[in-house]
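Participant: upload26.txt is reproduced below (compact mmCIF, N, CA and C atoms).
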# COMPACT_ATOMS: atom_id res chain seq x y z
N GLY P 1413 100.38 88.32 133.67
CA GLY P 1413 100.72 87.84 134.99
C GLY P 1413 101.91 86.91 135.00
N TRP P 1414 102.57 86.74 133.88
CA TRP P 1414 103.73 85.86 133.82
C TRP P 1414 105.00 86.67 133.77
N LEU P 1415 106.08 86.06 134.18
CA LEU P 1415 107.41 86.63 134.02
C LEU P 1415 108.01 85.99 132.77
N TRP P 1416 108.46 86.82 131.84
CA TRP P 1416 109.09 86.33 130.61
C TRP P 1416 110.60 86.46 130.75
N VAL P 1417 111.32 85.40 130.45
CA VAL P 1417 112.76 85.37 130.64
C VAL P 1417 113.43 84.95 129.34
N ALA P 1418 114.34 85.79 128.85
CA ALA P 1418 115.16 85.44 127.69
C ALA P 1418 116.40 84.72 128.22
N THR P 1419 116.64 83.52 127.73
CA THR P 1419 117.74 82.71 128.22
C THR P 1419 118.66 82.32 127.05
N GLN P 1420 119.77 81.66 127.37
CA GLN P 1420 120.67 81.13 126.35
C GLN P 1420 119.96 80.07 125.50
N SER P 1421 118.89 79.51 126.03
CA SER P 1421 118.15 78.47 125.31
C SER P 1421 116.89 78.99 124.62
N GLY P 1422 116.64 80.29 124.69
CA GLY P 1422 115.44 80.83 124.06
C GLY P 1422 114.58 81.57 125.07
N LEU P 1423 113.27 81.46 124.91
CA LEU P 1423 112.32 82.16 125.75
C LEU P 1423 111.64 81.20 126.72
N ALA P 1424 111.46 81.67 127.94
CA ALA P 1424 110.74 80.89 128.94
C ALA P 1424 109.75 81.80 129.66
N SER P 1425 108.66 81.22 130.10
CA SER P 1425 107.70 81.96 130.93
C SER P 1425 107.68 81.32 132.31
N PHE P 1426 107.42 82.13 133.31
CA PHE P 1426 107.36 81.66 134.70
C PHE P 1426 106.03 82.08 135.28
N ASP P 1427 105.24 81.12 135.73
CA ASP P 1427 103.90 81.40 136.25
C ASP P 1427 103.85 81.52 137.77
N GLY P 1428 105.01 81.55 138.40
CA GLY P 1428 105.07 81.61 139.86
C GLY P 1428 105.43 80.27 140.48
N LEU P 1429 105.26 79.20 139.71
CA LEU P 1429 105.59 77.86 140.19
C LEU P 1429 106.66 77.17 139.34
N ARG P 1430 106.53 77.33 138.03
CA ARG P 1430 107.47 76.62 137.16
C ARG P 1430 107.76 77.42 135.89
N PHE P 1431 108.93 77.13 135.32
CA PHE P 1431 109.31 77.71 134.05
C PHE P 1431 108.80 76.82 132.92
N ARG P 1432 108.40 77.45 131.83
CA ARG P 1432 107.95 76.71 130.66
C ARG P 1432 108.66 77.29 129.44
N GLU P 1433 109.31 76.44 128.66
CA GLU P 1433 109.98 76.89 127.45
C GLU P 1433 108.92 77.25 126.40
N VAL P 1434 109.14 78.37 125.72
CA VAL P 1434 108.22 78.84 124.68
C VAL P 1434 108.92 78.69 123.35
N PRO P 1435 108.39 77.86 122.45
CA PRO P 1435 109.05 77.68 121.15
C PRO P 1435 108.95 78.95 120.30
N LEU P 1436 110.04 79.25 119.58
CA LEU P 1436 110.10 80.44 118.73
C LEU P 1436 110.63 80.08 117.35
N ALA P 1437 110.24 80.89 116.37
CA ALA P 1437 110.87 80.78 115.05
C ALA P 1437 112.31 81.24 115.21
N ILE P 1438 113.24 80.48 114.67
CA ILE P 1438 114.65 80.84 114.83
C ILE P 1438 115.34 80.89 113.48
N PRO P 1439 116.42 81.68 113.39
CA PRO P 1439 117.19 81.72 112.14
C PRO P 1439 117.77 80.34 111.83
N SER P 1440 118.01 80.10 110.57
CA SER P 1440 118.58 78.81 110.16
C SER P 1440 119.97 78.61 110.78
N ARG P 1441 120.35 77.37 110.91
CA ARG P 1441 121.65 76.95 111.46
C ARG P 1441 121.82 77.28 112.94
N ARG P 1442 120.77 77.50 113.66
CA ARG P 1442 120.87 77.73 115.11
C ARG P 1442 120.00 76.71 115.83
N ASP P 1443 120.53 76.21 116.95
CA ASP P 1443 119.74 75.28 117.76
C ASP P 1443 118.71 76.03 118.59
N HIS P 1444 119.09 77.21 119.08
CA HIS P 1444 118.21 78.01 119.93
C HIS P 1444 118.28 79.47 119.50
N PRO P 1445 117.19 80.18 119.64
CA PRO P 1445 117.23 81.61 119.29
C PRO P 1445 118.04 82.40 120.31
N ILE P 1446 118.79 83.38 119.85
CA ILE P 1446 119.51 84.27 120.75
C ILE P 1446 118.69 85.55 120.83
N ILE P 1447 118.03 85.76 121.94
CA ILE P 1447 117.19 86.94 122.14
C ILE P 1447 118.06 88.05 122.69
N ARG P 1448 118.16 89.14 121.94
CA ARG P 1448 119.00 90.27 122.35
C ARG P 1448 118.22 91.32 123.12
N CYS P 1449 116.93 91.49 122.83
CA CYS P 1449 116.11 92.52 123.50
C CYS P 1449 114.69 92.00 123.64
N GLN P 1450 114.02 92.45 124.68
CA GLN P 1450 112.60 92.15 124.83
C GLN P 1450 111.91 93.34 125.46
N ALA P 1451 110.63 93.50 125.11
CA ALA P 1451 109.84 94.60 125.66
C ALA P 1451 108.38 94.19 125.70
N LEU P 1452 107.68 94.71 126.69
CA LEU P 1452 106.24 94.49 126.79
C LEU P 1452 105.53 95.62 126.06
N GLY P 1453 104.67 95.27 125.11
CA GLY P 1453 103.95 96.25 124.32
C GLY P 1453 102.75 96.82 125.06
N GLN P 1454 102.20 97.89 124.51
CA GLN P 1454 101.07 98.59 125.12
C GLN P 1454 99.82 97.72 125.20
N ARG P 1455 99.71 96.74 124.33
CA ARG P 1455 98.55 95.83 124.34
C ARG P 1455 98.90 94.50 125.00
N GLU P 1456 99.89 94.53 125.88
CA GLU P 1456 100.35 93.37 126.63
C GLU P 1456 100.90 92.26 125.74
N GLU P 1457 101.40 92.63 124.56
CA GLU P 1457 102.09 91.65 123.74
C GLU P 1457 103.58 91.73 124.05
N LEU P 1458 104.26 90.63 123.85
CA LEU P 1458 105.70 90.57 124.09
C LEU P 1458 106.42 90.74 122.76
N TRP P 1459 107.39 91.64 122.73
CA TRP P 1459 108.21 91.88 121.54
C TRP P 1459 109.62 91.39 121.82
N LEU P 1460 110.20 90.65 120.87
CA LEU P 1460 111.54 90.10 121.01
C LEU P 1460 112.34 90.45 119.76
N ALA P 1461 113.57 90.91 119.94
CA ALA P 1461 114.49 91.12 118.83
C ALA P 1461 115.56 90.04 118.95
N LEU P 1462 115.68 89.22 117.92
CA LEU P 1462 116.58 88.08 117.93
C LEU P 1462 117.80 88.33 117.06
N GLU P 1463 118.86 87.66 117.41
CA GLU P 1463 120.04 87.62 116.55
C GLU P 1463 119.61 87.01 115.22
N GLY P 1464 120.12 87.54 114.13
CA GLY P 1464 119.75 87.00 112.83
C GLY P 1464 118.67 87.79 112.12
N GLY P 1465 118.30 88.94 112.68
CA GLY P 1465 117.39 89.84 111.98
C GLY P 1465 115.91 89.61 112.19
N LEU P 1466 115.52 88.81 113.15
CA LEU P 1466 114.10 88.57 113.39
C LEU P 1466 113.56 89.42 114.53
N VAL P 1467 112.32 89.87 114.39
CA VAL P 1467 111.57 90.47 115.49
C VAL P 1467 110.27 89.68 115.60
N VAL P 1468 109.95 89.25 116.82
CA VAL P 1468 108.77 88.43 117.05
C VAL P 1468 107.83 89.17 117.99
N GLN P 1469 106.56 89.21 117.62
CA GLN P 1469 105.50 89.77 118.45
C GLN P 1469 104.62 88.61 118.92
N ILE P 1470 104.52 88.43 120.23
CA ILE P 1470 103.70 87.36 120.78
C ILE P 1470 102.53 88.01 121.51
N GLY P 1471 101.34 87.84 120.95
CA GLY P 1471 100.13 88.38 121.56
C GLY P 1471 99.30 87.27 122.19
N LYS P 1472 98.18 87.65 122.76
CA LYS P 1472 97.31 86.65 123.40
C LYS P 1472 96.73 85.67 122.39
N THR P 1473 96.46 86.15 121.18
CA THR P 1473 95.83 85.27 120.19
C THR P 1473 96.63 85.11 118.90
N VAL P 1474 97.70 85.89 118.74
CA VAL P 1474 98.44 85.84 117.48
C VAL P 1474 99.93 86.06 117.71
N THR P 1475 100.74 85.44 116.88
CA THR P 1475 102.18 85.66 116.88
C THR P 1475 102.58 86.12 115.49
N ASN P 1476 103.36 87.20 115.42
CA ASN P 1476 103.86 87.71 114.14
C ASN P 1476 105.37 87.66 114.16
N VAL P 1477 105.96 87.33 113.01
CA VAL P 1477 107.41 87.29 112.86
C VAL P 1477 107.77 88.24 111.71
N PHE P 1478 108.67 89.17 112.00
CA PHE P 1478 109.16 90.11 110.99
C PHE P 1478 110.60 89.74 110.68
N THR P 1479 110.98 89.81 109.41
CA THR P 1479 112.29 89.32 108.96
C THR P 1479 112.99 90.37 108.10
N PRO P 1480 114.25 90.12 107.75
CA PRO P 1480 114.93 91.02 106.81
C PRO P 1480 114.23 91.12 105.45
N LYS P 1481 113.49 90.10 105.06
CA LYS P 1481 112.75 90.16 103.80
C LYS P 1481 111.74 91.31 103.80
N GLU P 1482 111.25 91.68 105.00
CA GLU P 1482 110.29 92.79 105.11
C GLU P 1482 110.98 94.12 105.39
N GLY P 1483 112.30 94.11 105.53
CA GLY P 1483 113.02 95.37 105.71
C GLY P 1483 113.87 95.49 106.97
N LEU P 1484 113.84 94.50 107.86
CA LEU P 1484 114.72 94.53 109.03
C LEU P 1484 116.15 94.29 108.59
N VAL P 1485 117.10 94.62 109.47
CA VAL P 1485 118.51 94.44 109.14
C VAL P 1485 119.10 93.26 109.90
N LEU P 1486 120.24 92.78 109.43
CA LEU P 1486 120.88 91.61 110.03
C LEU P 1486 121.83 91.96 111.17
N PHE P 1487 122.02 93.24 111.47
CA PHE P 1487 122.91 93.63 112.56
C PHE P 1487 122.32 93.23 113.91
N LYS P 1488 123.19 93.16 114.92
CA LYS P 1488 122.75 92.79 116.27
C LYS P 1488 121.87 93.90 116.84
N PRO P 1489 120.66 93.58 117.31
CA PRO P 1489 119.80 94.59 117.92
C PRO P 1489 120.33 95.00 119.30
N THR P 1490 120.13 96.29 119.65
CA THR P 1490 120.60 96.79 120.94
C THR P 1490 119.47 97.18 121.88
N SER P 1491 118.32 97.62 121.33
CA SER P 1491 117.20 97.98 122.21
C SER P 1491 115.89 97.94 121.45
N LEU P 1492 114.82 97.84 122.22
CA LEU P 1492 113.44 97.83 121.71
C LEU P 1492 112.64 98.86 122.50
N ALA P 1493 111.74 99.56 121.83
CA ALA P 1493 110.85 100.50 122.52
C ALA P 1493 109.57 100.63 121.71
N GLN P 1494 108.50 101.03 122.37
CA GLN P 1494 107.23 101.27 121.68
C GLN P 1494 106.81 102.70 121.94
N SER P 1495 106.53 103.45 120.88
CA SER P 1495 106.14 104.85 121.01
C SER P 1495 104.63 105.00 121.20
N ARG P 1496 104.22 106.21 121.49
CA ARG P 1496 102.83 106.55 121.79
C ARG P 1496 101.86 106.05 120.71
N ASP P 1497 102.28 106.13 119.45
CA ASP P 1497 101.40 105.73 118.34
C ASP P 1497 101.34 104.22 118.13
N GLY P 1498 101.99 103.44 118.99
CA GLY P 1498 101.95 101.99 118.91
C GLY P 1498 103.06 101.38 118.07
N ALA P 1499 103.85 102.22 117.40
CA ALA P 1499 104.96 101.70 116.59
C ALA P 1499 106.02 101.08 117.51
N VAL P 1500 106.62 100.00 117.05
CA VAL P 1500 107.70 99.34 117.78
C VAL P 1500 109.00 99.67 117.06
N TRP P 1501 110.00 100.07 117.83
CA TRP P 1501 111.28 100.54 117.31
C TRP P 1501 112.37 99.59 117.76
N VAL P 1502 113.29 99.25 116.85
CA VAL P 1502 114.42 98.38 117.15
C VAL P 1502 115.68 99.13 116.72
N SER P 1503 116.64 99.25 117.64
CA SER P 1503 117.92 99.88 117.29
C SER P 1503 118.98 98.79 117.13
N TYR P 1504 120.05 99.15 116.39
CA TYR P 1504 121.07 98.17 116.03
C TYR P 1504 122.48 98.71 116.29
N VAL P 1505 123.45 97.79 116.35
CA VAL P 1505 124.83 98.17 116.61
C VAL P 1505 125.43 99.02 115.49
N ASP P 1506 124.88 98.97 114.29
CA ASP P 1506 125.40 99.81 113.20
C ASP P 1506 124.89 101.25 113.30
N GLY P 1507 124.04 101.53 114.30
CA GLY P 1507 123.52 102.87 114.50
C GLY P 1507 122.19 103.14 113.83
N SER P 1508 121.67 102.18 113.07
CA SER P 1508 120.38 102.37 112.42
C SER P 1508 119.24 101.97 113.36
N VAL P 1509 118.03 102.36 112.96
CA VAL P 1509 116.82 102.05 113.72
C VAL P 1509 115.74 101.63 112.73
N CYS P 1510 114.98 100.60 113.08
CA CYS P 1510 113.84 100.19 112.27
C CYS P 1510 112.55 100.41 113.06
N ARG P 1511 111.53 100.90 112.36
CA ARG P 1511 110.21 101.09 112.96
C ARG P 1511 109.26 100.08 112.34
N ILE P 1512 108.51 99.38 113.20
CA ILE P 1512 107.47 98.46 112.74
C ILE P 1512 106.14 99.11 113.10
N GLN P 1513 105.39 99.49 112.09
CA GLN P 1513 104.10 100.15 112.32
C GLN P 1513 103.10 99.64 111.30
N HIS P 1514 102.00 99.07 111.79
CA HIS P 1514 100.97 98.49 110.92
C HIS P 1514 101.59 97.46 109.97
N ALA P 1515 102.49 96.63 110.50
CA ALA P 1515 103.17 95.55 109.77
C ALA P 1515 104.08 96.06 108.65
N LYS P 1516 104.36 97.35 108.61
CA LYS P 1516 105.29 97.94 107.63
C LYS P 1516 106.56 98.35 108.35
N ILE P 1517 107.71 98.09 107.72
CA ILE P 1517 109.00 98.40 108.34
C ILE P 1517 109.65 99.56 107.59
N THR P 1518 110.10 100.55 108.38
CA THR P 1518 110.84 101.69 107.85
C THR P 1518 112.18 101.74 108.56
N ARG P 1519 113.26 101.90 107.78
CA ARG P 1519 114.60 101.98 108.36
C ARG P 1519 115.08 103.42 108.38
N PHE P 1520 115.67 103.84 109.52
CA PHE P 1520 116.20 105.18 109.71
C PHE P 1520 117.71 105.08 109.91
N THR P 1521 118.45 106.00 109.27
CA THR P 1521 119.91 106.01 109.34
C THR P 1521 120.39 107.45 109.57
N ALA P 1522 121.65 107.70 109.28
CA ALA P 1522 122.23 109.03 109.47
C ALA P 1522 121.47 110.09 108.67
N ARG P 1523 120.98 109.77 107.51
CA ARG P 1523 120.25 110.76 106.71
C ARG P 1523 118.93 111.18 107.36
N ASP P 1524 118.50 110.42 108.38
CA ASP P 1524 117.27 110.73 109.11
C ASP P 1524 117.55 111.31 110.49
N GLY P 1525 118.80 111.78 110.71
CA GLY P 1525 119.16 112.42 111.97
C GLY P 1525 119.93 111.56 112.93
N LEU P 1526 120.27 110.33 112.56
CA LEU P 1526 121.04 109.44 113.44
C LEU P 1526 122.51 109.48 113.08
N SER P 1527 123.10 110.66 113.14
CA SER P 1527 124.50 110.80 112.74
C SER P 1527 125.44 110.29 113.83
N GLY P 1528 126.67 110.05 113.45
CA GLY P 1528 127.67 109.55 114.38
C GLY P 1528 127.88 108.06 114.21
N VAL P 1529 128.99 107.58 114.79
CA VAL P 1529 129.37 106.18 114.67
C VAL P 1529 128.98 105.45 115.95
N GLY P 1530 128.58 104.20 115.80
CA GLY P 1530 128.30 103.36 116.96
C GLY P 1530 126.84 103.02 117.09
N PRO P 1531 126.54 102.22 118.10
CA PRO P 1531 125.16 101.76 118.29
C PRO P 1531 124.23 102.89 118.72
N CYS P 1532 122.96 102.66 118.50
CA CYS P 1532 121.91 103.59 118.93
C CYS P 1532 121.10 102.89 120.02
N TRP P 1533 120.69 103.65 121.02
CA TRP P 1533 119.90 103.12 122.13
C TRP P 1533 118.58 103.87 122.18
N LEU P 1534 117.49 103.18 122.45
CA LEU P 1534 116.15 103.76 122.46
C LEU P 1534 115.48 103.59 123.81
N ALA P 1535 114.61 104.54 124.13
CA ALA P 1535 113.78 104.46 125.33
C ALA P 1535 112.58 105.38 125.13
N THR P 1536 111.56 105.18 125.93
CA THR P 1536 110.41 106.09 125.94
C THR P 1536 110.28 106.70 127.32
N ASP P 1537 109.70 107.90 127.36
CA ASP P 1537 109.48 108.57 128.64
C ASP P 1537 108.06 108.29 129.13
N MET P 1538 107.65 108.98 130.20
CA MET P 1538 106.32 108.73 130.77
C MET P 1538 105.19 109.13 129.83
N ASP P 1539 105.48 110.00 128.86
CA ASP P 1539 104.50 110.38 127.85
C ASP P 1539 104.58 109.46 126.62
N VAL P 1540 105.38 108.41 126.70
CA VAL P 1540 105.59 107.42 125.65
C VAL P 1540 106.15 108.08 124.38
N GLN P 1541 106.99 109.09 124.58
CA GLN P 1541 107.70 109.72 123.48
C GLN P 1541 109.02 109.00 123.30
N LEU P 1542 109.43 108.78 122.04
CA LEU P 1542 110.63 108.02 121.75
C LEU P 1542 111.88 108.91 121.82
N TRP P 1543 112.88 108.44 122.58
CA TRP P 1543 114.17 109.12 122.74
C TRP P 1543 115.27 108.21 122.22
N PHE P 1544 116.39 108.82 121.81
CA PHE P 1544 117.54 108.04 121.37
C PHE P 1544 118.81 108.60 121.97
N ALA P 1545 119.81 107.73 122.09
CA ALA P 1545 121.17 108.13 122.48
C ALA P 1545 122.11 107.46 121.50
N LYS P 1546 122.98 108.29 120.87
CA LYS P 1546 123.93 107.76 119.90
C LYS P 1546 125.09 108.73 119.76
N ALA P 1547 126.29 108.20 119.79
CA ALA P 1547 127.52 108.96 119.54
C ALA P 1547 127.57 110.23 120.38
N GLY P 1548 127.25 110.12 121.67
CA GLY P 1548 127.31 111.27 122.57
C GLY P 1548 126.17 112.25 122.41
N GLN P 1549 125.17 111.91 121.61
CA GLN P 1549 124.02 112.79 121.42
C GLN P 1549 122.78 112.18 122.05
N LEU P 1550 121.92 113.05 122.53
CA LEU P 1550 120.62 112.65 123.05
C LEU P 1550 119.57 113.41 122.25
N GLY P 1551 118.51 112.74 121.89
CA GLY P 1551 117.47 113.42 121.13
C GLY P 1551 116.18 112.62 121.12
N ARG P 1552 115.23 113.09 120.32
CA ARG P 1552 113.95 112.40 120.23
C ARG P 1552 113.47 112.36 118.79
N PHE P 1553 112.50 111.51 118.56
CA PHE P 1553 111.94 111.34 117.22
C PHE P 1553 110.76 112.28 117.07
N ARG P 1554 110.80 113.11 116.00
CA ARG P 1554 109.71 114.04 115.72
C ARG P 1554 109.54 114.18 114.22
N THR P 1555 108.33 114.18 113.78
CA THR P 1555 107.99 114.44 112.39
C THR P 1555 108.88 113.66 111.42
N GLU P 1556 108.92 112.36 111.60
CA GLU P 1556 109.62 111.45 110.69
C GLU P 1556 111.14 111.60 110.65
N LYS P 1557 111.73 112.19 111.70
CA LYS P 1557 113.20 112.21 111.78
C LYS P 1557 113.65 112.31 113.23
N PHE P 1558 114.88 111.94 113.45
CA PHE P 1558 115.48 112.02 114.77
C PHE P 1558 116.15 113.37 114.91
N GLU P 1559 115.87 114.07 116.01
CA GLU P 1559 116.44 115.41 116.25
C GLU P 1559 117.23 115.39 117.54
N ALA P 1560 118.52 115.73 117.43
CA ALA P 1560 119.38 115.81 118.62
C ALA P 1560 119.05 117.07 119.40
N LEU P 1561 119.19 117.01 120.72
CA LEU P 1561 118.95 118.18 121.56
C LEU P 1561 120.22 118.99 121.72
Is it possible to give me this structure as structure tokens?
Facilitator:
Amino acid sequence: GWLWVATQSGLASFDGLRFREVPLAIPSRRDHPIIRCQALGQREELWLALEGGLVVQIGKTVTNVFTPKEGLVLFKPTSLAQSRDGAVWVSYVDGSVCRIQHAKITRFTARDGLSGVGPCWLATDMDVQLWFAKAGQLGRFRTEKFEAL
């Protein structure tokens, strides 16, 4: 029932009357986290992709932070999406995509069907199937690889 707002100062929630700053884990040497993408998960958790390679999951009872040490990349994130199976996907300006599923991170690149230069963009349809757009191609994720249409 709250509105979540990514700001220059980090994350804030709005309850209809007032804004409240929400503290976040941030990369070193930064005063405030730079949130590049946010998405509401299927279980009403909030997912945030931050500058500096962090992805944060904020749930009702738990917060998880995923870092490059677990397999995320340091490139600027461009989009976040959650697929039917509950996996959370993060795309990056280098054209790669990372999947977070059961706290395990898998990175997908050109060898996995994401060919072409430039950023990759992700979205899901009404059936919660994952789609991508990259280098003038549109496609979807199937059987552990990205397939252009």
Participant: Do you have the atom N of Leu1550 (chain P)-atom N of Leu1486 (chain P) distance handy?
Facilitator: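 About the pair atom N of Leu1550 (chain P) and atom N of Leu1486 (chain P): they are 24.2 Å apart.
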Participant: Near Gly1548 (chain P), within 8 Å and counting all atoms listed in the file, which residues show up once chain neighbours fewer than 3 positions away are dropped, as a PyMOL selection string?
Facilitator: chain P and resi 1528-1529+1545+1551
Participant: Quick one: residues within 7 Å of region 1418-1422 of chain P, only C-alpha atoms counted, chain neighbours fewer than 6 positions away excluded, as a count of residues only?
Facilitator: 4
Participant: For Gly1498 (chain P), which of P:Ile1517, P:Ile1512, P:Val1474, P:Leu1466 is the closest residue, counting only N, CA and C atoms?
Facilitator: P:Ile1512
Participant: Could you check the closest approach to Arg1455 (chain P) for each of P:Pro1480, P:Gly1525, P:Pro1531, P:Gly1471 and tell me which residue wins, using all atoms listed in the file?
Facilitator: P:Gly1471
Participant: Rank P:Phe1553, P:His1514, P:Ser1491, P:Val1434 by their smallest atom-to-atom distance to Cys1532 (chain P), using only N, CA and C atoms, and report the top residue only.
Facilitator: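 With only N, CA and C atoms as the atom set, the closest residue is P:Ser1491.
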Participant: Rounded to one decimal, what separation in Å do you get between atom N of Glu1556 (chain P) and atom N of Thr1475 (chain P)?
Facilitator: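 We find that atom N of Glu1556 (chain P) and atom N of Thr1475 (chain P) lie 28.6 Å from each other.
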Participant: In terms of the shortest atom-to-atom distance over only C-alpha atoms, which of P:Ala1424, P:Ile1470, P:Leu1484, P:Leu1542 is closest to Asp1497 (chain P)?
Facilitator: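 Ranking P:Ala1424, P:Ile1470, P:Leu1484, P:Leu1542 by distance to Asp1497 (chain P), first place goes to P:Leu1542.
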Participant: With distances taken over all atoms listed in the file, which residue among P:Lys1546, P:Lys1481, P:Lys1472, P:Arg1519 lies nearest Leu1458 (chain P)?
Facilitator: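 Between P:Lys1546, P:Lys1481, P:Lys1472, P:Arg1519, the residue approaching Leu1458 (chain P) most closely is P:Lys1472.
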Participant: In Å, rounded to a single decimal, give me how far CA of Leu1526 (chain P) is from CA of Gln1494 (chain P).
Facilitator: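 Result for CA of Gln1494 (chain P) versus CA of Leu1526 (chain P): 18.0 Å, one decimal.
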Participant: Compare P:Gln1513, P:Thr1490, P:Phe1544, P:Trp1416 by their minimum atom-to-atom distance to Glu1559 (chain P), counting only N, CA and C atoms, and give me the closest one.
Facilitator: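 Closest residue, counting only N, CA and C atoms: P:Phe1544.
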Participant: Could you give me, as a ChimeraX atom specification, each residue of chain P that DSSP assigns to strand (DSSP E) when run on this structure's backbone?
Facilitator: /P:1415-1419,1422-1426,1431-1434,1447-1452,1458-1462,1466-1470,1475-1478,1489-1494,1500-1504,1509-1513,1516-1520,1532-1536,1542-1546,1549-1554,1557-1560
Participant: Let me have the centre and edge lengths in Å, one decimal, of the box along x, y and z around every listed atom of region 1468-1475 of chain P with 4 Å of margin on each side, as JSON.
Facilitator:
{"center_x": 102.9, "center_y": 87.4, "center_z": 119.4, "size_x": 22.1, "size_y": 12.7, "size_z": 15.9}
Participant: Give me the residues within 10 Å of Val1477 (chain P) as a CSV table (one decimal) with N, CA and C atoms, in the frame of the given file, counting only C-alpha atoms and dropping any in the same chain fewer than 4 places off.
Facilitator:
chain,number,residue,atom,x,y,z
P,1436,LEU,N,110.0,79.2,119.6
P,1436,LEU,CA,110.1,80.4,118.7
P,1436,LEU,C,110.6,80.1,117.4
P,1437,ALA,N,110.2,80.9,116.4
P,1437,ALA,CA,110.9,80.8,115.0
P,1437,ALA,C,112.3,81.2,115.2
P,1438,ILE,N,113.2,80.5,114.7
P,1438,ILE,CA,114.6,80.8,114.8
P,1438,ILE,C,115.3,80.9,113.5
P,1459,TRP,N,107.4,91.6,122.7
P,1459,TRP,CA,108.2,91.9,121.5
P,1459,TRP,C,109.6,91.4,121.8
P,1460,LEU,N,110.2,90.6,120.9
P,1460,LEU,CA,111.5,90.1,121.0
P,1460,LEU,C,112.3,90.4,119.8
P,1466,LEU,N,115.5,88.8,113.2
P,1466,LEU,CA,114.1,88.6,113.4
P,1466,LEU,C,113.6,89.4,114.5
P,1467,VAL,N,112.3,89.9,114.4
P,1467,VAL,CA,111.6,90.5,115.5
P,1467,VAL,C,110.3,89.7,115.6
P,1468,VAL,N,110.0,89.2,116.8
P,1468,VAL,CA,108.8,88.4,117.0
P,1468,VAL,C,107.8,89.2,118.0
P,1469,GLN,N,106.6,89.2,117.6
P,1469,GLN,CA,105.5,89.8,118.4
P,1469,GLN,C,104.6,88.6,118.9
P,1470,ILE,N,104.5,88.4,120.2
P,1470,ILE,CA,103.7,87.4,120.8
P,1470,ILE,C,102.5,88.0,121.5
P,1482,GLU,N,111.2,91.7,105.0
P,1482,GLU,CA,110.3,92.8,105.1
P,1482,GLU,C,111.0,94.1,105.4
P,1515,ALA,N,102.5,96.6,110.5
P,1515,ALA,CA,103.2,95.6,109.8
P,1515,ALA,C,104.1,96.1,108.6
Participant: Could you find all residues in region 1437-1541 of chain P that DSSP calls helix (DSSP H, G or I) from the backbone, and write them as a PyMOL selection string?
Facilitator: chain P and resi 1480-1482+1522-1524
